[in-house]
Amino acid sequence: MTSLPGSDLELVAPLAERLQHITDALAATSTVQEVIETVLAPALAALGADAGTVLLVNQPDQPLKITGRRGADGETIAVPQEIASEDHVLIADILRLREAQYFEGAGALRDAYPELERRTRDLEAIANAALPMFLDDRPFGVIVLDFAAPHHFSPEERRFLRLLSAQCAIALGRAEAISRLEAHVHERTRQLEDQTRQLEEERAAQAAFVAFTEAVGSETNLSQLVGQAITLLHETCDVEAAYFERDGDLFRASVWSPSADPALLPLLQRGFPLQHSSIARGLQQNTATFIDHWRDSGLLIPESGIYQAAAGYPYFKDETLESVLMIGSQTSAVWDERSKGIFRAVGRSLDLALDRARQTRTVTAQRDALDLRTRELAESTAELQAFSYSVSHDLRTPVRHMIGFLELARKALDGRLDERSARYLDVVEQSGRQMNTLIDGLLDLSNAAQRTLQPSLVDLNQLMARIQTTLLPDLLTRNVAWEVTDLPQVWGDQEALSQVLTQLTENALKFTQSRDPASIRIWAEDLGGAWKVCVRDNGLGFDPRYQDRLFNLFQRLHRADEVSGTGVGLASVRRLILKHGGQVFAEGRPGEGATFGFTLPKGHVA
């Protein structure tokens with residue numbers, strides 16, 4: 001053969017021309033099968049081979065797939081057969097060594113790989129060429145050429161086959177890339193189509209939601225709400241609709257389309273059991289249920305066969321199906337995505353509207369009951385305050401007369417009273433004075449309840465200083481340790497707050513009479529939206545189990561011989577603080593002192 005001038009890769013002219021033709025043809029291929037058909041036929045013709053086979057591998061260590069085989073008859077046959085490369089020692093060596101293998105004479109392949117004869121039992125080919133295909137270190141497979149007679153592979157033929165397998169690998173890589181790209185484009189197109197359908201459904205649903213919302217506005221009447229939903233569904237989806245409410249085991253139509261079939265409507269009003277129907281199983285999942293080909297689904301009512309498709313939207317209360325909105329189409333046996341989206345949107349919107357209507361009715365009923373209760377309480381409070389004020393005033397005069405005449409009796413009987421009689425008069429006088437103190441307390445409590453606050457900015461430091469000065473004469477014989485930290489300015493009624501702090505301070509002094517020294521600590525805490533004012537003492541304390549009773553009227557947790565009092569002062573404190581929008585509290589333990597206090601909101605009070 002004549003060699004072409006050039007490098008050591010020169011080919012004889014016929015082989016070079018064939019390779020060029022093959023390369024040009026491969027450039028136009030886009031599938032694996034096209035690549036195989038383009039390569040096998042020219043290769044067989046160029047070398048006079050009798051058959052050729054292409055085995056491809058998708059990934060390393062995966063089985064090889066016999067993708068194409070061309071015989072002497074010239075037809076390419078697809079052979080969907082897989083073999084494990086490690087089980088075929090020849091193929092394994094070619095892929096491992098990345099070198100072509102040539103067997104030129106009879107028995108050459110058998111001598112090199114005797115186990116192949118045991119596998120195939122019959123080796124028809126006399127000569128063989130096996131060519132590896134690699135691209136960027138990735139194995140693509142093997143090309144196998146079979147010869148029925150001995151064949152000497154010249155250097156030119158070997159170079160031709162080496163370049164052919166390289167070109168084939170490049171073309172297979174490109175075909176694989178095109179296949180991946182087409183698959184990606186196809187998947188992306190499918191996703192875009194799905195997204196488009198979803199957007200159209202959402203747009204239709206949103207429009208339906210807006211239309212229904214505008215239609216119902218603030219409507220709370222159930223029939224009106226359902227009627228608006230039915231009208232919208234009829235206008236947008238060309239369907240008939242009805243709303244069914246549970247009545248025992250039956251569901252009865254309470255609202256329906258004006259165009260409802262006159263033969264079917266009385267049956268729907270009479271009611272039907274829904275629990276065991278095909279549509280009920282979907283409704284129990286608390287979601288819209290669509291039944292295509294309704295006539296073939298086992299009809300709830302035979303007369304409902306006028307509809308080709310049906311759907312329902314469930315409404316639950318306390319996990320019980322209480323009502324259903326149902327629609328039927330006489331024109332289509334299959335629900336489209338637009339109709340589904342609109343029905344879901346209207347169903348959800350109606351659910352929200354019905355819930356709002358129920359809440360509105362509940363709130364209205366609660367408000368009416370609260371108004372009635374408020375009026376009753378106001379009347380009772382007014383009567384109680386009038387009673388307290390009247391009784392206090394009516395009792396004050398006879399008590400004063402009793403004490404006054406006791407004084408006159410003492411003077412008139414001066415020197416003529418024995419010890420027992422004098423003690424009796426003392427007891428009567430003490431009881432009278434206790435009664436007078438109690439009356440004063442009731443009057444203070446009544447005044448606290450009726451007081452109209454005159455709020456202003458009050459400096460609690462100045463207020464506390466005046467209280468200490470006022471109490472000073474009564475404390476000359478006592479050892480009292482005061483600790484008053486910087487107190488805030490608050491918004492409230494100055495006279496009322498003065499009464500509150502005075503009462504809490506006197507309360508602390510009263511319960512520390514047995515302490516030397518008595519410790520009184522007064523401070524404030526910033527709670528963000530409110531001030532917390534505390535008065536702490538080291539006195540008798542109290543059982544914390546009864547702390548909720550301390551601010552109730554006439555409640556006392558200590559005996560009269562331990563601490564004097566009427567049980568009215570803390571009740572007045574509570575009323576005054578509540579009028580300021582605050583709260584009162586008490587903390588303590590027996591023998592360990594107590595803390596009384598109140599909170600005031602940081603804002604103007606009414």
# chains A, B, ... in the order shown; residues from 1 in each chain; ligands from 1

$ residues_around --residues "Pro601 of chain A" --least-positions-apart "3" --cutoff "9 Å" --atoms "only C-alpha atoms" --output "list of chain:residue names"
A:Val490, A:Trp491, A:Gly529, A:Ala530, A:Trp531, A:Lys532, A:His580, A:Gly581, A:Gly582, A:His604, A:Val605

$ select_by_dssp --residues "segment 134-380 of chain A" --states "helix (DSSP H, G or I)" --output "PyMOL selection string"
chain A and resi 155-216+222-237+265-270+278-283+294-296+302-306+337-380

$ select_by_dssp --residues "segment 144-191 of chain A" --states "strand (DSSP E)" --output "number ranges by chain"
A: 144-147

$ write_last_selection --atoms "N, CA and C atoms" --output "mmCIF file, in the first residue's frame"
data_model
loop_
_atom_site.group_PDB
_atom_site.id
_atom_site.type_symbol
_atom_site.label_atom_id
_atom_site.label_comp_id
_atom_site.auth_asym_id
_atom_site.auth_seq_id
_atom_site.Cartn_x
_atom_site.Cartn_y
_atom_site.Cartn_z
ATOM 1 N N VAL A 144 -16.059 -4.163 18.399
ATOM 2 C CA VAL A 144 -15.503 -5.480 18.062
ATOM 3 C C VAL A 144 -15.781 -5.776 16.593
ATOM 4 N N LEU A 145 -14.719 -6.088 15.810
ATOM 5 C CA LEU A 145 -14.848 -6.483 14.399
ATOM 6 C C LEU A 145 -14.472 -7.949 14.276
ATOM 7 N N ASP A 146 -15.285 -8.727 13.560
ATOM 8 C CA ASP A 146 -15.047 -10.157 13.360
ATOM 9 C C ASP A 146 -14.763 -10.431 11.884
ATOM 10 N N PHE A 147 -13.765 -11.318 11.648
ATOM 11 C CA PHE A 147 -13.374 -11.716 10.289
ATOM 12 C C PHE A 147 -13.533 -13.228 10.168
#

$ atom_distance --atom1 "atom CA of Leu300 of chain A" --atom2 "atom CA of Gln284 of chain A"
16.3 Å

$ residues_around --residues "Asp474 of chain A" --least-positions-apart "5" --cutoff "12 Å" --atoms "only C-alpha atoms" --output "PyMOL selection string"
chain A and resi 467-469+479-480+506+509-510+513

$ closest_residue --among "A:Leu19, A:Leu264, A:Ala27, A:Leu232" --to "Leu161 of chain A" --atoms "only C-alpha atoms"
A:Leu19

$ residues_around --residues "Gly404 of chain A" --least-positions-apart "4" --cutoff "12 Å" --atoms "only C-alpha atoms" --output "number ranges by chain"
A: 397-400, 408-411, 428-429, 432-433

$ closest_residue --among "A:Gln167, A:Ser323, A:Thr595, A:Thr374" --to "Phe542 of chain A" --atoms "only C-alpha atoms"
A:Thr595

$ atom_distance --atom1 "atom CA of Gly541 of chain A" --atom2 "atom CA of Thr505 of chain A"
14.4 Å

$ closest_atom_pairs --of "segment 509-532 of chain A" --to "segment 501-504 of chain A" --cutoff "12 Å" --atoms "only C-alpha atoms" --output "Markdown table"
| residue | atom | partner | partner_atom | distance |
| --- | --- | --- | --- | --- |
| A:Leu509 | CA | A:Leu504 | CA | 8.7 |
| A:Lys510 | CA | A:Leu504 | CA | 9.8 |
| A:Phe511 | CA | A:Leu504 | CA | 10.8 |
| A:Ile520 | CA | A:Leu504 | CA | 10.6 |
| A:Arg521 | CA | A:Leu504 | CA | 11.4 |
| A:Ile522 | CA | A:Leu501 | CA | 9.8 |
| A:Trp523 | CA | A:Leu501 | CA | 11.6 |
